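Below: run35.cif (mmCIF, C-alpha atoms and all ligand atoms)
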data_model
loop_
_atom_site.label_atom_id
_atom_site.label_comp_id
_atom_site.auth_asym_id
_atom_site.auth_seq_id
_atom_site.Cartn_x
_atom_site.Cartn_y
_atom_site.Cartn_z
CA MET Z 1 -18.72 9.84 -5.03
CA SER Z 2 -16.90 11.04 -1.92
CA ASP Z 3 -14.34 13.78 -2.16
CA PRO Z 4 -10.90 12.13 -2.59
CA PRO Z 5 -8.83 14.71 -0.65
CA VAL Z 6 -10.90 14.12 2.48
CA LEU Z 7 -10.46 10.35 2.15
CA LEU Z 8 -6.77 10.85 1.60
CA VAL Z 9 -6.46 12.60 4.93
CA LYS Z 10 -8.24 9.67 6.55
CA ALA Z 11 -5.93 7.16 4.89
CA ILE Z 12 -2.72 9.04 5.62
CA LYS Z 13 -2.83 10.21 9.17
CA VAL Z 14 0.36 9.09 10.83
CA ALA Z 15 3.84 10.22 9.83
CA GLY Z 16 6.41 7.52 9.24
CA HIS Z 17 7.65 4.90 6.82
CA PHE Z 18 5.23 2.28 5.57
CA LEU Z 19 5.17 -0.90 3.54
CA VAL Z 20 1.75 -0.90 1.88
CA PHE Z 21 -0.08 -3.90 0.40
CA TYR Z 22 -2.93 -3.24 -1.99
CA PRO Z 23 -5.08 -5.11 -4.55
CA LYS Z 24 -3.73 -4.58 -8.06
CA ASN Z 25 -7.17 -3.79 -9.44
CA PRO Z 26 -7.89 -0.23 -8.19
CA ALA Z 27 -11.65 -0.67 -8.58
CA TRP Z 28 -11.88 -3.87 -6.57
CA ALA Z 29 -12.95 -4.07 -2.94
CA PRO Z 30 -14.46 -6.91 -0.91
CA GLU Z 31 -18.02 -6.77 0.45
CA ASN Z 32 -16.52 -6.51 3.91
CA LEU Z 33 -13.12 -6.84 5.54
CA ALA Z 34 -13.83 -9.82 7.78
CA PRO Z 35 -12.57 -12.66 5.51
CA LEU Z 36 -9.32 -10.83 4.81
CA ILE Z 37 -8.73 -9.96 8.46
CA ASP Z 38 -9.53 -13.53 9.52
CA ALA Z 39 -7.06 -14.91 6.96
CA CYS Z 40 -4.34 -12.50 8.09
CA LYS Z 41 -4.94 -13.52 11.72
CA ALA Z 42 -4.94 -17.21 10.83
CA ILE Z 43 -1.48 -17.06 9.25
CA GLY Z 44 -0.13 -15.01 12.15
CA LEU Z 45 0.34 -11.67 10.42
CA LEU Z 46 -2.08 -9.79 12.66
CA GLY Z 47 -1.96 -9.84 16.44
CA THR Z 48 -4.27 -8.09 18.86
CA GLU Z 49 -6.31 -5.12 17.70
CA ARG Z 50 -4.81 -2.10 19.46
CA SER Z 51 -7.36 0.41 18.22
CA PRO Z 52 -10.02 0.11 15.52
CA GLY Z 53 -8.34 -1.22 12.36
CA ILE Z 54 -4.83 -1.10 13.85
CA TYR Z 55 -3.21 -4.36 14.90
CA ALA Z 56 -0.05 -5.42 16.67
CA THR Z 57 2.15 -7.76 14.65
CA GLY Z 58 1.14 -11.40 14.94
CA PRO Z 59 3.31 -14.34 16.05
CA GLU Z 60 4.42 -15.21 12.50
CA TYR Z 61 5.15 -11.65 11.38
CA LEU Z 62 8.89 -12.14 10.87
CA GLY Z 63 8.26 -15.28 8.82
CA LEU Z 64 5.78 -13.54 6.53
CA ILE Z 65 7.64 -10.28 5.92
CA THR Z 66 11.22 -10.67 4.73
CA TYR Z 67 13.66 -8.04 6.00
CA LEU Z 68 16.52 -7.66 3.56
CA GLY Z 69 19.20 -6.04 5.73
CA CYS Z 70 21.63 -8.12 7.73
CA SER Z 71 20.54 -6.85 11.14
CA PRO Z 72 17.13 -5.22 10.87
CA GLN Z 73 15.82 -3.35 13.87
CA VAL Z 74 12.26 -4.54 14.18
CA ALA Z 75 10.22 -3.46 17.19
CA LEU Z 76 7.48 -6.00 17.84
CA GLY Z 77 4.94 -6.32 20.63
CA GLU Z 78 2.54 -3.86 22.15
CA ASN Z 79 4.69 -0.90 23.15
CA GLU Z 80 4.16 2.56 21.74
CA ALA Z 81 7.00 2.42 19.17
CA ALA Z 82 6.26 -1.12 17.99
CA THR Z 83 5.39 -1.93 14.40
CA THR Z 84 1.66 -1.91 13.70
CA ILE Z 85 -0.45 -3.14 10.82
CA ARG Z 86 -3.33 -0.95 9.78
CA ILE Z 87 -6.20 -2.00 7.57
CA ALA Z 88 -7.32 1.15 5.75
CA GLY Z 89 -10.57 1.00 3.80
CA ILE Z 90 -12.93 0.11 2.32
CA PHE Z 91 -13.09 3.42 0.43
CA ASP Z 92 -15.96 4.24 -1.92
CA ALA Z 93 -13.57 5.12 -4.73
CA PRO Z 94 -9.88 4.37 -5.38
CA LEU Z 95 -7.36 6.50 -3.52
CA PHE Z 96 -3.92 7.34 -4.81
CA VAL Z 97 -1.71 6.92 -1.78
CA GLN Z 98 1.64 8.66 -2.05
CA GLY Z 99 4.25 10.22 0.16
CA GLY Z 100 7.49 12.16 0.14
CA ASN Z 101 9.28 9.33 -1.66
CA LEU Z 102 7.05 9.49 -4.77
CA LYS Z 103 9.03 8.57 -7.90
CA PRO Z 104 8.45 9.70 -11.47
CA PRO Z 105 6.22 7.05 -13.06
CA ARG Z 106 6.86 4.90 -16.10
CA CYS Z 107 4.47 4.93 -19.03
CA PRO Z 108 2.42 1.71 -19.18
CA GLN Z 109 2.72 1.63 -22.97
CA CYS Z 110 6.34 2.54 -23.88
CA ARG Z 111 7.79 1.96 -20.37
CA LYS Z 112 9.82 5.17 -20.57
CA PRO Z 113 10.21 7.21 -17.39
CA MET Z 114 8.22 10.41 -17.20
CA GLY Z 115 8.58 13.62 -15.22
CA LYS Z 116 7.45 13.70 -11.62
CA PRO Z 117 3.96 15.21 -11.30
CA VAL Z 118 4.17 18.79 -10.11
CA ALA Z 119 0.97 18.55 -8.10
CA PRO Z 120 -0.09 15.59 -5.95
CA ALA Z 121 -1.68 13.05 -8.23
CA ARG Z 122 -5.24 11.88 -7.66
CA ALA Z 123 -6.76 8.52 -8.50
CA ASP Z 124 -9.24 10.14 -10.87
CA GLY Z 125 -6.52 12.22 -12.55
CA LYS Z 126 -5.00 11.60 -15.98
CA LEU Z 127 -1.43 11.57 -17.20
CA LYS Z 128 -0.04 11.82 -20.71
CA CYS Z 129 3.26 10.33 -21.80
CA GLY Z 130 5.45 12.87 -23.59
CA GLN Z 131 7.36 10.09 -25.39
CA CYS Z 132 4.64 8.01 -27.04
CA GLY Z 133 1.57 10.15 -26.42
CA TYR Z 134 -0.26 7.53 -24.36
CA SER Z 135 -2.91 9.09 -22.14
CA GLY Z 136 -4.52 7.27 -19.23
CA SER Z 137 -5.57 7.21 -15.61
CA VAL Z 138 -2.95 7.97 -12.96
CA CYS Z 139 -3.60 4.45 -11.64
CA GLU Z 140 -2.44 2.81 -14.88
CA PHE Z 141 1.08 4.21 -14.66
CA ASP Z 142 3.94 2.34 -13.00
CA TRP Z 143 4.94 4.30 -9.91
CA ARG Z 144 7.85 1.97 -9.23
CA ARG Z 145 6.63 0.91 -5.81
CA SER Z 146 6.32 4.47 -4.52
CA ALA Z 147 2.53 4.82 -4.66
CA ALA Z 148 -0.64 2.76 -4.72
CA CYS Z 149 -4.08 3.12 -6.20
CA ALA Z 150 -6.76 1.10 -4.42
CA ARG Z 151 -9.87 1.06 -2.26
CA LEU Z 152 -8.18 -0.95 0.45
CA PHE Z 153 -4.68 -0.90 1.93
CA ILE Z 154 -2.74 -2.87 4.50
CA GLU Z 155 -0.08 -0.58 5.94
CA VAL Z 156 2.85 -1.90 7.95
CA SER Z 157 4.56 0.84 9.95
CA ASN Z 158 8.28 1.30 10.61
CA VAL Z 159 9.40 -0.12 7.26
CA PHE Z 160 11.87 1.99 5.30
CA GLU Z 161 11.86 1.97 1.51
CA SER Z 162 12.98 -1.43 0.17
CA GLU Z 163 13.85 -2.59 3.70
CA ALA Z 164 11.38 -5.47 3.65
CA VAL Z 165 9.21 -7.36 1.16
CA PRO Z 166 6.23 -9.69 1.55
CA GLY Z 167 7.17 -13.36 1.52
CA GLU Z 168 5.49 -15.85 -0.81
CA ALA Z 169 3.22 -17.21 1.94
CA LEU Z 170 1.78 -13.77 2.63
CA ALA Z 171 1.29 -12.97 -1.04
CA ALA Z 172 -0.50 -16.30 -1.51
CA CYS Z 173 -2.66 -15.72 1.57
CA LEU Z 174 -3.83 -12.30 0.42
CA GLU Z 175 -4.61 -13.64 -3.03
CA GLN Z 176 -6.49 -16.65 -1.71
CA ALA Z 177 -8.52 -14.65 0.81
CA SER Z 178 -9.57 -12.09 -1.77
CA GLY Z 179 -9.45 -13.85 -5.13
CA GLU Z 180 -7.38 -10.89 -6.35
CA ALA Z 181 -3.70 -10.31 -7.13
CA TRP Z 182 -1.95 -7.93 -4.72
CA ASP Z 183 1.09 -5.72 -4.97
CA TYR Z 184 3.09 -3.60 -2.56
CA CYS Z 185 4.85 -0.27 -2.35
CA TYR Z 186 6.60 2.01 0.11
CA VAL Z 187 5.17 5.30 1.28
CA ARG Z 188 6.95 7.87 3.41
CA LYS Z 189 4.43 10.10 5.13
CA ASP Z 190 5.99 13.33 6.32
ZN ZN T 201 4.79 6.27 -23.35
#
So, in terms of structure tokens, how does the structure I just supplied come out?
Ligand SMILES: [Zn+2]
Amino acid sequence: MSDPPVLLVKAIKVAGHFLVFYPKNPAWAPENLAPLIDACKAIGLLGTERSPGIYATGPEYLGLITYLGCSPQVALGENEAATTIRIAGIFDAPLFVQGGNLKPPRCPQCRKPMGKPVAPARADGKLKCGQCGYSGSVCEFDWRRSAACARLFIEVSNVFESEAVPGEALAACLEQASGEAWDYCYVRKD
């Protein structure tokens, strides 16, 4: 198995605010990325590939991602500051992607909030609930949309926490292209 901290550096390279889509099953990954990328291009999420694995927003971007504010500032197109969509993966083992906005998790068994981990959590790490005694993988806990555990991520740049959510069409597309349920979170990389 590869060393997770090295992979983490590869996955989290650019500072900023990200909306991150990921398969709910941390162990799952496709054989290759082509079917997923093709599906995301076909619905207009992905535009031109600006550098390997990093795409401009596609023509339907604003119909697929729902911005919740009344006048969102969304930079589209090809310029330097424009929003990009990065496909990160496929990693050999699940990564726990987190940022400065990491929230204390909830226990998957009793649902009570726990303390924030003092050290950065790792996908192969364990946590124990002080309330009910449940012990399990870091990936099993509910990080309240502030972290993700997966072997594959789709990262949309320039999205502040809770500023935008995936629309139903995008959620359905990801599920259909992969045969897996997906979820999303927000990660602030400092
Ligand atoms: Zn508990």
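With distances restricted to all atoms listed in the file, Z:Cys107 is the closest residue to ligand ZN 201 (chain T) from Z:Ala119, Z:Ala42, Z:Leu68, Z:Cys107.
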With distances taken over all atoms listed in the file, the candidate from Z:Gln109, Z:Ser146, Z:Ser135, Z:Ser157 nearest Z:Ala75 is Z:Ser157
From the list Z:Ile154, Z:Leu36, Z:Ala121, Z:Ala56, the nearest residue to Z:Cys173 using all atoms listed in the file is Z:Leu36
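When only C-alpha atoms are used to measure the gap to Z:Gly130, the shortest distance among Z:Arg145, Z:Leu64, Z:Glu49, Z:Pro113 belongs to Z:Pro113.
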- Query: Mind listing the residues within 9 Å of ligand ZN 201 (chain T), all atoms listed in the file counted, as a list of chain:residue names?
  - Reply: Z:Arg106, Z:Cys107, Z:Pro108, Z:Gln109, Z:Cys110, Z:Arg111, Z:Lys112, Z:Pro113, Z:Met114, Z:Lys128, Z:Cys129, Z:Gly130, Z:Gln131, Z:Cys132, Z:Gly133, Z:Tyr134, Z:Ser135
- Task: Could you tell me how far atom CA of Z:Gly89 lies from atom CA of Z:Gly77, in Å and to one decimal?
- Result: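 Atom CA of Z:Gly77 lies at a distance of 24.0 Å from atom CA of Z:Gly89.
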Fill in: Distance criterion (all atoms listed in the file): nearest to Z:Ala29 out of Z:Leu152, Z:Val138, Z:Ala164, Z:Ala177
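Checking each candidate against Z:Ala29, we get Z:Leu152 as the closest.
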Could you list, as a PyMOL selection string, every residue within 8 Å of Z:Ile43, counting only C-alpha atoms and ignoring same-chain residues fewer than 3 positions away? chain Z and resi 39-40+60+173
Which is closer to Z:Asp190 than all the others in Z:Ala27, Z:Leu76, Z:Leu102, Z:Leu95, using only C-alpha atoms?
->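 Of the candidates, the smallest distance to Z:Asp190 is held by Z:Leu102.
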